[in-house]
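Source file: final-v8.tsv. Holds: TSV, N, CA and C atoms and all ligand atoms.
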```tsv
chain	number	residue	atom	x	y	z
A	1	MET	N	-15.36	38.89	-24.04
A	1	MET	CA	-16.68	39.51	-23.97
A	1	MET	C	-16.58	40.87	-23.29
A	2	THR	N	-17.55	41.68	-23.56
A	2	THR	CA	-17.62	42.99	-22.92
A	2	THR	C	-18.01	42.82	-21.45
A	3	LEU	N	-17.33	43.54	-20.58
A	3	LEU	CA	-17.61	43.41	-19.16
A	3	LEU	C	-18.47	44.58	-18.68
A	4	ASP	N	-19.76	44.46	-18.91
A	4	ASP	CA	-20.70	45.40	-18.32
A	4	ASP	C	-21.91	44.60	-17.84
A	5	TYR	N	-22.83	45.26	-17.16
A	5	TYR	CA	-23.96	44.57	-16.52
A	5	TYR	C	-24.75	43.73	-17.51
A	6	GLU	N	-25.13	44.33	-18.63
A	6	GLU	CA	-25.98	43.65	-19.60
A	6	GLU	C	-25.29	42.43	-20.21
A	7	SER	N	-23.99	42.56	-20.51
A	7	SER	CA	-23.27	41.44	-21.13
A	7	SER	C	-23.16	40.27	-20.17
A	8	LEU	N	-22.94	40.55	-18.90
A	8	LEU	CA	-22.83	39.47	-17.91
A	8	LEU	C	-24.17	38.79	-17.72
A	9	VAL	N	-25.24	39.55	-17.66
A	9	VAL	CA	-26.57	38.97	-17.51
A	9	VAL	C	-26.90	38.07	-18.71
A	10	ALA	N	-26.47	38.49	-19.89
A	10	ALA	CA	-26.77	37.74	-21.11
A	10	ALA	C	-26.15	36.35	-21.11
A	11	VAL	N	-25.03	36.16	-20.39
A	11	VAL	CA	-24.40	34.83	-20.34
A	11	VAL	C	-24.71	34.13	-19.02
A	12	GLY	N	-25.70	34.66	-18.28
A	12	GLY	CA	-26.15	33.98	-17.07
A	12	GLY	C	-25.34	34.31	-15.83
A	13	SER	N	-24.56	35.38	-15.88
A	13	SER	CA	-23.77	35.76	-14.71
A	13	SER	C	-24.37	37.01	-14.06
A	14	ILE	N	-23.74	37.48	-13.00
A	14	ILE	CA	-24.23	38.68	-12.32
A	14	ILE	C	-23.06	39.60	-12.00
A	15	MET	N	-23.36	40.87	-11.92
A	15	MET	CA	-22.37	41.86	-11.49
A	15	MET	C	-22.55	42.02	-9.99
A	16	GLY	N	-21.67	41.44	-9.22
A	16	GLY	CA	-21.80	41.49	-7.77
A	16	GLY	C	-21.01	42.63	-7.18
A	17	SER	N	-20.02	42.31	-6.39
A	17	SER	CA	-19.23	43.34	-5.70
A	17	SER	C	-18.21	43.98	-6.63
A	18	GLY	N	-18.11	43.49	-7.84
A	18	GLY	CA	-17.12	44.04	-8.77
A	18	GLY	C	-15.86	43.21	-8.80
A	19	GLY	N	-15.80	42.20	-7.94
A	19	GLY	CA	-14.63	41.32	-7.94
A	19	GLY	C	-14.69	40.34	-9.09
A	20	MET	N	-13.55	39.87	-9.53
A	20	MET	CA	-13.52	38.89	-10.62
A	20	MET	C	-12.45	37.85	-10.32
A	21	VAL	N	-12.80	36.59	-10.54
A	21	VAL	CA	-11.85	35.50	-10.34
A	21	VAL	C	-11.50	34.95	-11.71
A	22	VAL	N	-10.23	34.88	-12.03
A	22	VAL	CA	-9.77	34.35	-13.32
A	22	VAL	C	-9.15	32.97	-13.08
A	23	MET	N	-9.61	32.00	-13.85
A	23	MET	CA	-9.11	30.62	-13.69
A	23	MET	C	-8.59	30.11	-15.02
A	24	ASP	N	-7.66	29.16	-14.94
A	24	ASP	CA	-7.19	28.49	-16.16
A	24	ASP	C	-7.47	27.00	-16.05
A	25	ASP	N	-6.85	26.22	-16.91
A	25	ASP	CA	-7.19	24.79	-16.96
A	25	ASP	C	-6.59	23.99	-15.81
A	26	THR	N	-5.94	24.67	-14.87
A	26	THR	CA	-5.49	23.96	-13.67
A	26	THR	C	-6.53	24.04	-12.56
A	27	SER	N	-7.65	24.70	-12.84
A	27	SER	CA	-8.77	24.73	-11.89
A	27	SER	C	-9.76	23.65	-12.28
A	28	CYS	N	-10.19	22.87	-11.29
A	28	CYS	CA	-11.23	21.86	-11.53
A	28	CYS	C	-12.58	22.54	-11.33
A	29	MET	N	-13.41	22.55	-12.35
A	29	MET	CA	-14.67	23.29	-12.26
A	29	MET	C	-15.69	22.62	-11.33
A	30	VAL	N	-15.55	21.31	-11.13
A	30	VAL	CA	-16.42	20.65	-10.15
A	30	VAL	C	-16.03	21.10	-8.74
A	31	GLU	N	-14.74	21.16	-8.50
A	31	GLU	CA	-14.27	21.62	-7.18
A	31	GLU	C	-14.61	23.09	-6.97
A	32	VAL	N	-14.57	23.88	-8.03
A	32	VAL	CA	-14.96	25.29	-7.92
A	32	VAL	C	-16.44	25.38	-7.50
A	33	ALA	N	-17.30	24.58	-8.14
A	33	ALA	CA	-18.72	24.57	-7.77
A	33	ALA	C	-18.90	24.13	-6.33
A	34	ARG	N	-18.13	23.13	-5.91
A	34	ARG	CA	-18.20	22.63	-4.53
A	34	ARG	C	-17.78	23.72	-3.54
A	35	TYR	N	-16.75	24.46	-3.89
A	35	TYR	CA	-16.25	25.54	-3.03
A	35	TYR	C	-17.35	26.60	-2.79
A	36	PHE	N	-18.02	27.00	-3.89
A	36	PHE	CA	-19.05	28.03	-3.74
A	36	PHE	C	-20.28	27.48	-3.04
A	37	MET	N	-20.59	26.20	-3.22
A	37	MET	CA	-21.72	25.60	-2.52
A	37	MET	C	-21.42	25.53	-1.02
A	38	ASP	N	-20.19	25.26	-0.67
A	38	ASP	CA	-19.79	25.24	0.74
A	38	ASP	C	-20.01	26.62	1.37
A	39	PHE	N	-19.65	27.66	0.63
A	39	PHE	CA	-19.86	29.03	1.10
A	39	PHE	C	-21.36	29.28	1.33
A	40	CYS	N	-22.19	28.89	0.38
A	40	CYS	CA	-23.63	29.14	0.49
A	40	CYS	C	-24.26	28.38	1.66
A	41	ARG	N	-23.86	27.16	1.85
A	41	ARG	CA	-24.47	26.40	2.96
A	41	ARG	C	-24.04	26.97	4.30
A	42	GLU	N	-22.81	27.51	4.34
A	42	GLU	CA	-22.36	28.16	5.58
A	42	GLU	C	-23.11	29.46	5.83
A	43	GLU	N	-23.44	30.17	4.76
A	43	GLU	CA	-24.10	31.47	4.89
A	43	GLU	C	-25.61	31.36	5.03
A	44	SER	N	-26.18	30.20	4.73
A	44	SER	CA	-27.63	30.03	4.85
A	44	SER	C	-28.09	30.33	6.27
A	45	CYS	N	-29.13	31.15	6.41
A	45	CYS	CA	-29.61	31.49	7.75
A	45	CYS	C	-30.47	30.37	8.33
A	46	GLY	N	-30.90	29.45	7.49
A	46	GLY	CA	-31.64	28.28	7.97
A	46	GLY	C	-33.14	28.47	8.06
A	47	LYS	N	-33.63	29.61	7.64
A	47	LYS	CA	-35.07	29.88	7.78
A	47	LYS	C	-35.92	28.95	6.92
A	48	CYS	N	-35.48	28.69	5.70
A	48	CYS	CA	-36.31	27.83	4.85
A	48	CYS	C	-35.56	26.54	4.48
A	49	VAL	N	-36.34	25.47	4.39
A	49	VAL	CA	-35.78	24.13	4.18
A	49	VAL	C	-35.04	23.98	2.85
A	50	PRO	N	-35.58	24.48	1.73
A	50	PRO	CA	-34.88	24.28	0.45
A	50	PRO	C	-33.44	24.76	0.49
A	51	CYS	N	-33.21	25.92	1.10
A	51	CYS	CA	-31.85	26.45	1.17
A	51	CYS	C	-31.06	25.74	2.25
A	52	ARG	N	-31.63	25.60	3.44
A	52	ARG	CA	-30.88	25.01	4.56
A	52	ARG	C	-30.46	23.57	4.26
A	53	VAL	N	-31.39	22.77	3.78
A	53	VAL	CA	-31.09	21.35	3.53
A	53	VAL	C	-30.57	21.15	2.10
A	54	GLY	N	-31.15	21.88	1.16
A	54	GLY	CA	-30.78	21.68	-0.24
A	54	GLY	C	-29.32	22.00	-0.53
A	55	THR	N	-28.82	23.10	0.03
A	55	THR	CA	-27.42	23.45	-0.25
A	55	THR	C	-26.48	22.41	0.35
A	56	THR	N	-26.84	21.89	1.51
A	56	THR	CA	-25.99	20.86	2.13
A	56	THR	C	-26.02	19.58	1.31
A	57	GLN	N	-27.21	19.22	0.83
A	57	GLN	CA	-27.31	18.01	0.00
A	57	GLN	C	-26.54	18.19	-1.31
A	58	MET	N	-26.63	19.38	-1.90
A	58	MET	CA	-25.88	19.63	-3.13
A	58	MET	C	-24.38	19.57	-2.86
A	59	TYR	N	-23.96	20.11	-1.73
A	59	TYR	CA	-22.54	20.06	-1.36
A	59	TYR	C	-22.08	18.61	-1.23
A	60	MET	N	-22.91	17.77	-0.61
A	60	MET	CA	-22.55	16.36	-0.43
A	60	MET	C	-22.44	15.63	-1.77
A	61	LEU	N	-23.35	15.95	-2.69
A	61	LEU	CA	-23.29	15.33	-4.02
A	61	LEU	C	-22.03	15.78	-4.77
A	62	LEU	N	-21.71	17.07	-4.67
A	62	LEU	CA	-20.49	17.58	-5.33
A	62	LEU	C	-19.25	16.94	-4.72
A	63	THR	N	-19.26	16.72	-3.42
A	63	THR	CA	-18.13	16.06	-2.76
A	63	THR	C	-17.98	14.63	-3.29
A	64	LYS	N	-19.12	13.96	-3.44
A	64	LYS	CA	-19.09	12.60	-3.99
A	64	LYS	C	-18.43	12.58	-5.37
A	65	ILE	N	-18.76	13.57	-6.19
A	65	ILE	CA	-18.19	13.63	-7.54
A	65	ILE	C	-16.68	13.88	-7.47
A	66	THR	N	-16.26	14.81	-6.62
A	66	THR	CA	-14.82	15.12	-6.55
A	66	THR	C	-14.02	13.97	-5.94
A	67	GLU	N	-14.70	13.08	-5.24
A	67	GLU	CA	-14.00	11.94	-4.65
A	67	GLU	C	-14.10	10.69	-5.52
A	68	GLY	N	-14.75	10.82	-6.67
A	68	GLY	CA	-14.84	9.68	-7.58
A	68	GLY	C	-15.82	8.62	-7.13
A	69	ARG	N	-16.81	8.99	-6.31
A	69	ARG	CA	-17.77	8.00	-5.79
A	69	ARG	C	-19.16	8.18	-6.40
A	70	ALA	N	-19.31	9.09	-7.34
A	70	ALA	CA	-20.64	9.44	-7.84
A	70	ALA	C	-21.02	8.65	-9.08
A	71	THR	N	-22.32	8.55	-9.30
A	71	THR	CA	-22.87	7.94	-10.51
A	71	THR	C	-23.60	9.00	-11.32
A	72	LEU	N	-24.03	8.61	-12.51
A	72	LEU	CA	-24.81	9.55	-13.32
A	72	LEU	C	-26.14	9.88	-12.65
A	73	ALA	N	-26.65	8.97	-11.83
A	73	ALA	CA	-27.89	9.24	-11.08
A	73	ALA	C	-27.65	10.37	-10.07
A	74	ASP	N	-26.45	10.44	-9.50
A	74	ASP	CA	-26.11	11.54	-8.58
A	74	ASP	C	-26.09	12.87	-9.33
A	75	LEU	N	-25.57	12.85	-10.55
A	75	LEU	CA	-25.54	14.08	-11.35
A	75	LEU	C	-26.96	14.54	-11.67
A	76	ASP	N	-27.82	13.60	-11.98
A	76	ASP	CA	-29.22	13.92	-12.25
A	76	ASP	C	-29.87	14.49	-10.99
A	77	ALA	N	-29.58	13.89	-9.85
A	77	ALA	CA	-30.14	14.37	-8.57
A	77	ALA	C	-29.63	15.78	-8.28
A	78	LEU	N	-28.36	16.04	-8.59
A	78	LEU	CA	-27.78	17.36	-8.36
A	78	LEU	C	-28.52	18.42	-9.16
A	79	GLU	N	-28.83	18.12	-10.41
A	79	GLU	CA	-29.52	19.09	-11.26
A	79	GLU	C	-30.96	19.31	-10.80
A	80	LYS	N	-31.65	18.24	-10.43
A	80	LYS	CA	-33.03	18.38	-9.96
A	80	LYS	C	-33.08	19.15	-8.65
A	81	LEU	N	-32.15	18.84	-7.77
A	81	LEU	CA	-32.08	19.54	-6.49
A	81	LEU	C	-31.80	21.03	-6.71
A	82	GLY	N	-30.89	21.32	-7.63
A	82	GLY	CA	-30.57	22.71	-7.93
A	82	GLY	C	-31.79	23.47	-8.43
A	83	ASP	N	-32.57	22.83	-9.29
A	83	ASP	CA	-33.81	23.45	-9.79
A	83	ASP	C	-34.75	23.76	-8.63
A	84	MET	N	-34.88	22.80	-7.71
A	84	MET	CA	-35.79	22.97	-6.58
A	84	MET	C	-35.30	24.08	-5.65
A	85	VAL	N	-34.00	24.09	-5.34
A	85	VAL	CA	-33.45	25.11	-4.44
A	85	VAL	C	-33.63	26.49	-5.06
A	86	ARG	N	-33.35	26.60	-6.33
A	86	ARG	CA	-33.45	27.90	-7.02
A	86	ARG	C	-34.88	28.42	-7.05
A	87	SER	N	-35.83	27.52	-7.26
A	87	SER	CA	-37.21	27.98	-7.46
A	87	SER	C	-38.03	28.08	-6.17
A	88	THR	N	-37.55	27.50	-5.06
A	88	THR	CA	-38.38	27.50	-3.84
A	88	THR	C	-37.73	28.18	-2.64
A	89	SER	N	-36.48	28.62	-2.75
A	89	SER	CA	-35.86	29.32	-1.62
A	89	SER	C	-36.46	30.72	-1.46
A	90	LEU	N	-36.46	31.20	-0.24
A	90	LEU	CA	-37.13	32.47	0.06
A	90	LEU	C	-36.38	33.71	-0.43
A	91	CYS	N	-35.07	33.70	-0.32
A	91	CYS	CA	-34.35	34.94	-0.67
A	91	CYS	C	-33.25	34.68	-1.70
A	92	GLY	N	-32.56	35.73	-2.05
A	92	GLY	CA	-31.57	35.66	-3.12
A	92	GLY	C	-30.43	34.71	-2.85
A	93	LEU	N	-30.11	34.47	-1.59
A	93	LEU	CA	-29.00	33.56	-1.32
A	93	LEU	C	-29.32	32.17	-1.82
A	94	GLY	N	-30.47	31.64	-1.40
A	94	GLY	CA	-30.85	30.30	-1.84
A	94	GLY	C	-31.18	30.27	-3.33
A	95	GLN	N	-31.81	31.32	-3.82
A	95	GLN	CA	-32.19	31.35	-5.23
A	95	GLN	C	-30.98	31.37	-6.16
A	96	SER	N	-29.86	31.92	-5.68
A	96	SER	CA	-28.67	31.98	-6.54
A	96	SER	C	-27.63	30.93	-6.18
A	97	ALA	N	-27.82	30.22	-5.09
A	97	ALA	CA	-26.81	29.23	-4.65
A	97	ALA	C	-26.49	28.19	-5.72
A	98	PRO	N	-27.49	27.69	-6.47
A	98	PRO	CA	-27.16	26.67	-7.48
A	98	PRO	C	-26.47	27.22	-8.73
A	99	ASN	N	-26.37	28.54	-8.87
A	99	ASN	CA	-25.83	29.11	-10.11
A	99	ASN	C	-24.45	28.56	-10.50
A	100	PRO	N	-23.49	28.45	-9.56
A	100	PRO	CA	-22.18	27.91	-9.97
A	100	PRO	C	-22.28	26.48	-10.48
A	101	VAL	N	-23.22	25.71	-9.95
A	101	VAL	CA	-23.41	24.34	-10.44
A	101	VAL	C	-23.95	24.37	-11.86
A	102	PHE	N	-24.98	25.20	-12.08
A	102	PHE	CA	-25.58	25.25	-13.42
A	102	PHE	C	-24.62	25.82	-14.46
A	103	SER	N	-23.86	26.83	-14.09
A	103	SER	CA	-22.97	27.42	-15.09
A	103	SER	C	-21.79	26.49	-15.39
A	104	THR	N	-21.28	25.79	-14.38
A	104	THR	CA	-20.18	24.85	-14.67
A	104	THR	C	-20.71	23.65	-15.45
A	105	LEU	N	-21.94	23.24	-15.18
A	105	LEU	CA	-22.52	22.15	-15.97
A	105	LEU	C	-22.75	22.58	-17.41
A	106	ARG	N	-23.13	23.84	-17.58
A	106	ARG	CA	-23.40	24.34	-18.92
A	106	ARG	C	-22.13	24.41	-19.77
A	107	TYR	N	-21.05	24.88	-19.16
A	107	TYR	CA	-19.84	25.10	-19.95
A	107	TYR	C	-18.77	24.02	-19.77
A	108	PHE	N	-18.86	23.25	-18.69
A	108	PHE	CA	-17.81	22.26	-18.39
A	108	PHE	C	-18.40	20.91	-17.98
A	109	ARG	N	-19.51	20.52	-18.60
A	109	ARG	CA	-20.14	19.24	-18.26
A	109	ARG	C	-19.16	18.08	-18.45
A	110	ASP	N	-18.27	18.22	-19.43
A	110	ASP	CA	-17.30	17.15	-19.68
A	110	ASP	C	-16.43	16.88	-18.45
A	111	GLU	N	-16.18	17.91	-17.65
A	111	GLU	CA	-15.36	17.70	-16.45
A	111	GLU	C	-16.14	16.89	-15.41
A	112	TYR	N	-17.44	17.15	-15.30
A	112	TYR	CA	-18.27	16.33	-14.39
A	112	TYR	C	-18.25	14.88	-14.86
A	113	LEU	N	-18.43	14.69	-16.16
A	113	LEU	CA	-18.51	13.33	-16.70
A	113	LEU	C	-17.19	12.57	-16.55
A	114	GLU	N	-16.07	13.26	-16.70
A	114	GLU	CA	-14.79	12.55	-16.56
A	114	GLU	C	-14.59	12.10	-15.11
A	115	HIS	N	-15.06	12.89	-14.17
A	115	HIS	CA	-14.97	12.47	-12.76
A	115	HIS	C	-15.82	11.23	-12.51
A	116	ILE	N	-17.04	11.25	-13.07
A	116	ILE	CA	-18.01	10.19	-12.78
A	116	ILE	C	-17.72	8.93	-13.58
A	117	GLU	N	-17.48	9.09	-14.86
A	117	GLU	CA	-17.37	7.91	-15.73
A	117	GLU	C	-15.97	7.33	-15.79
A	118	ALA	N	-14.95	8.18	-15.66
A	118	ALA	CA	-13.58	7.68	-15.80
A	118	ALA	C	-12.78	7.77	-14.50
A	119	GLY	N	-13.35	8.42	-13.48
A	119	GLY	CA	-12.60	8.56	-12.24
A	119	GLY	C	-11.36	9.42	-12.41
A	120	VAL	N	-11.48	10.42	-13.28
A	120	VAL	CA	-10.33	11.26	-13.62
A	120	VAL	C	-10.65	12.73	-13.36
A	121	CYS	N	-9.69	13.44	-12.79
A	121	CYS	CA	-9.78	14.91	-12.68
A	121	CYS	C	-8.62	15.45	-13.51
A	122	SER	N	-8.92	15.89	-14.73
A	122	SER	CA	-7.83	16.26	-15.64
A	122	SER	C	-7.06	17.49	-15.17
A	123	ALA	N	-7.67	18.29	-14.29
A	123	ALA	CA	-6.95	19.44	-13.73
A	123	ALA	C	-5.96	19.00	-12.66
A	124	GLY	N	-6.12	17.77	-12.19
A	124	GLY	CA	-5.20	17.26	-11.17
A	124	GLY	C	-5.49	17.81	-9.78
A	125	VAL	N	-6.71	18.27	-9.56
A	125	VAL	CA	-7.07	18.87	-8.26
A	125	VAL	C	-7.67	17.84	-7.31
A	126	CYS	N	-8.57	17.01	-7.83
A	126	CYS	CA	-9.31	16.07	-6.97
A	126	CYS	C	-8.51	14.79	-6.76
A	127	SER	N	-8.58	14.28	-5.55
A	127	SER	CA	-7.81	13.06	-5.24
A	127	SER	C	-8.43	11.83	-5.86
A	128	MET	N	-9.76	11.88	-6.12
A	128	MET	CA	-10.48	10.75	-6.70
A	128	MET	C	-10.24	9.47	-5.92
A	129	SER	N	-10.30	9.58	-4.61
A	129	SER	CA	-9.99	8.43	-3.75
A	129	SER	C	-10.96	7.28	-3.90
A	130	GLY	N	-12.17	7.60	-4.40
A	130	GLY	CA	-13.17	6.53	-4.51
A	130	GLY	C	-13.06	5.70	-5.77
A	131	GLY	N	-12.23	6.12	-6.72
A	131	GLY	CA	-12.12	5.40	-7.99
A	131	GLY	C	-13.36	5.64	-8.82
A	132	ALA	N	-13.36	5.14	-10.05
A	132	ALA	CA	-14.50	5.35	-10.95
A	132	ALA	C	-15.71	4.60	-10.46
A	133	ALA	N	-16.87	5.28	-10.48
A	133	ALA	CA	-18.11	4.62	-10.06
A	133	ALA	C	-18.61	3.77	-11.21
A	134	SER	N	-19.30	2.69	-10.88
A	134	SER	CA	-19.83	1.83	-11.93
A	134	SER	C	-21.29	2.16	-12.15
B	1	LIG	S1	-32.98	31.24	1.13
B	1	LIG	FE1	-32.59	33.03	2.42
B	1	LIG	S2	-34.17	32.90	3.99
B	1	LIG	FE2	-34.02	30.85	3.11
B	1	LIG	S3	-32.54	29.78	4.47
B	1	LIG	FE3	-31.43	30.65	2.67
B	1	LIG	S4	-30.62	32.59	3.45
B	1	LIG	FE4	-32.30	31.97	4.83
```

What is this structure when it is put down as structure tokens?
Amino acid sequence: MTLDYESLVAVGSIMGSGGMVVMDDTSCMVEVARYFMDFCREESCGKCVPCRVGTTQMYMLLTKITEGRATLADLDALEKLGDMVRSTSLCGLGQSAPNPVFSTLRYFRDEYLEHIEAGVCSAGVCSMSGGAAS
């Protein structure tokens, strides 16, 4: 794809500091989403509840998935929580915090499902210590 502002916006991304991270199939996209959620919850100033509590709750749900302890109900909760955090947070940090979750779900939902339904991380990143959830 063309790398300019309009092209990135069209696929739901943003032109931030100009940095770019390139990943291949040895990256687990659930773990990638968890990594960025950890960053957001650390950076949250705590002024508003949706961002302060929501990012932490989303981080905990993503951790559950990477450890093989999650159910499809957790995935549903993750998406609903992301919608709430995005639409009710006061500033851009909270409003954009769920973006890595939504974009990885949009393009790599199969990776979420393999963690939850089969207890497998095909990238070999997650330990899946909890085994497949029933
Ligand atoms: S959304 Fe902004 S104002 Fe609200 S807690 Fe997060 S960083 Fe603070």

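Taking only N, CA and C atoms and all ligand atoms into account, ligand LIG 1 (chain B) has within 7 Å the residues A:Glu43, A:Ser44, A:Cys45, A:Gly46, A:Lys47, A:Cys48, A:Val49, A:Pro50, A:Cys51, A:Arg52, A:Thr88, A:Ser89, A:Leu90, A:Cys91, A:Gly92, A:Leu93, A:Gly94, A:Gln95.
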
Would you be able to write out as an mmCIF file with N, CA and C atoms, in the frame of the given file which residues have an atom within 7 Å of (-18.3, 12.7, -12.3) in the file's coordinates, counting all atoms listed in the file?
```cif
data_model
loop_
_atom_site.group_PDB
_atom_site.id
_atom_site.type_symbol
_atom_site.label_atom_id
_atom_site.label_comp_id
_atom_site.auth_asym_id
_atom_site.auth_seq_id
_atom_site.Cartn_x
_atom_site.Cartn_y
_atom_site.Cartn_z
ATOM 1 N N LYS A 64 -19.120 13.960 -3.440
ATOM 2 C CA LYS A 64 -19.090 12.600 -3.990
ATOM 3 C C LYS A 64 -18.430 12.580 -5.370
ATOM 4 N N ILE A 65 -18.760 13.570 -6.190
ATOM 5 C CA ILE A 65 -18.190 13.630 -7.540
ATOM 6 C C ILE A 65 -16.680 13.880 -7.470
ATOM 7 N N THR A 66 -16.260 14.810 -6.620
ATOM 8 C CA THR A 66 -14.820 15.120 -6.550
ATOM 9 C C THR A 66 -14.020 13.970 -5.940
ATOM 10 N N GLY A 68 -14.750 10.820 -6.670
ATOM 11 C CA GLY A 68 -14.840 9.680 -7.580
ATOM 12 C C GLY A 68 -15.820 8.620 -7.130
ATOM 13 N N ALA A 70 -19.310 9.090 -7.340
ATOM 14 C CA ALA A 70 -20.640 9.440 -7.840
ATOM 15 C C ALA A 70 -21.020 8.650 -9.080
ATOM 16 N N THR A 71 -22.320 8.550 -9.300
ATOM 17 C CA THR A 71 -22.870 7.940 -10.510
ATOM 18 C C THR A 71 -23.600 9.000 -11.320
ATOM 19 N N GLU A 111 -16.180 17.910 -17.650
ATOM 20 C CA GLU A 111 -15.360 17.700 -16.450
ATOM 21 C C GLU A 111 -16.140 16.890 -15.410
ATOM 22 N N TYR A 112 -17.440 17.150 -15.300
ATOM 23 C CA TYR A 112 -18.270 16.330 -14.390
ATOM 24 C C TYR A 112 -18.250 14.880 -14.860
ATOM 25 N N LEU A 113 -18.430 14.690 -16.160
ATOM 26 C CA LEU A 113 -18.510 13.330 -16.700
ATOM 27 C C LEU A 113 -17.190 12.570 -16.550
ATOM 28 N N GLU A 114 -16.070 13.260 -16.700
ATOM 29 C CA GLU A 114 -14.790 12.550 -16.560
ATOM 30 C C GLU A 114 -14.590 12.100 -15.110
ATOM 31 N N HIS A 115 -15.060 12.890 -14.170
ATOM 32 C CA HIS A 115 -14.970 12.470 -12.760
ATOM 33 C C HIS A 115 -15.820 11.230 -12.510
ATOM 34 N N ILE A 116 -17.040 11.250 -13.070
ATOM 35 C CA ILE A 116 -18.010 10.190 -12.780
ATOM 36 C C ILE A 116 -17.720 8.930 -13.580
ATOM 37 N N GLU A 117 -17.480 9.090 -14.860
ATOM 38 C CA GLU A 117 -17.370 7.910 -15.730
ATOM 39 C C GLU A 117 -15.970 7.330 -15.790
ATOM 40 N N ALA A 118 -14.950 8.180 -15.660
ATOM 41 C CA ALA A 118 -13.580 7.680 -15.800
ATOM 42 C C ALA A 118 -12.780 7.770 -14.500
ATOM 43 N N GLY A 119 -13.350 8.420 -13.480
ATOM 44 C CA GLY A 119 -12.600 8.560 -12.240
ATOM 45 C C GLY A 119 -11.360 9.420 -12.410
#
```

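All residues of protein, DNA or RNA that reach within 5 Å of segment 29-35 of chain A, judged by all atoms listed in the file and not counting those fewer than 3 positions away in the chain, are Asp38, Phe39 and Pro100 of chain A.
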
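Across the model, the gap from atom C of Met84 of chain A to atom N of Gly54 of chain A is 8.3 Å.
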
Please, which residues of chain A, numbered as in this document, come out helix (DSSP H, G or I) from DSSP, as a VMD selection string? chain A and resid 5 to 10 29 to 43 49 to 66 72 to 88 92 to 96 99 to 118

For atom C of Val9 of chain A and atom C of Thr104 of chain A, the interatomic separation in Å (one decimal): 16.0 Å

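For the pair atom C of Met23 of chain A and atom CA of Ala123 of chain A, the separation is 10.9 Å.
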
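Only residues having an atom at most 9 Å from (-25.2, 29.2, -7.7) are included; using only C-alpha atoms, these are A:Ala33, A:Phe36, A:Met37, A:Cys40, A:Gly82, A:Arg86, A:Leu93, A:Gly94, A:Gln95, A:Ser96, A:Ala97, A:Pro98, A:Asn99, A:Pro100, A:Val101, A:Phe102, A:Ser103.
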
File for segment 122-126 of chain A (all heavy atoms), as a compact mmCIF listing (two decimals), in the first residue's frame:
```txt
# COMPACT_ATOMS: atom_id res chain seq x y z
N SER A 122 0.13 -20.18 17.23
CA SER A 122 0.88 -20.70 16.08
C SER A 122 2.19 -19.97 15.85
O SER A 122 3.10 -20.51 15.20
CB SER A 122 0.02 -20.67 14.81
OG SER A 122 -0.37 -19.35 14.51
N ALA A 123 2.31 -18.75 16.38
CA ALA A 123 3.58 -18.03 16.27
C ALA A 123 4.61 -18.56 17.26
O ALA A 123 5.80 -18.25 17.15
CB ALA A 123 3.35 -16.54 16.48
N GLY A 124 4.14 -19.33 18.23
CA GLY A 124 5.06 -19.90 19.22
C GLY A 124 5.52 -18.90 20.25
O GLY A 124 6.57 -19.09 20.88
N VAL A 125 4.76 -17.83 20.44
CA VAL A 125 5.15 -16.77 21.39
C VAL A 125 4.55 -17.00 22.77
O VAL A 125 5.24 -16.87 23.78
CB VAL A 125 4.71 -15.38 20.85
CG1 VAL A 125 4.97 -14.29 21.88
CG2 VAL A 125 5.43 -15.08 19.54
N CYS A 126 3.27 -17.37 22.81
CA CYS A 126 2.56 -17.48 24.10
C CYS A 126 2.79 -18.86 24.71
O CYS A 126 2.77 -19.87 24.00
CB CYS A 126 1.07 -17.24 23.90
SG CYS A 126 0.71 -15.64 23.17
```
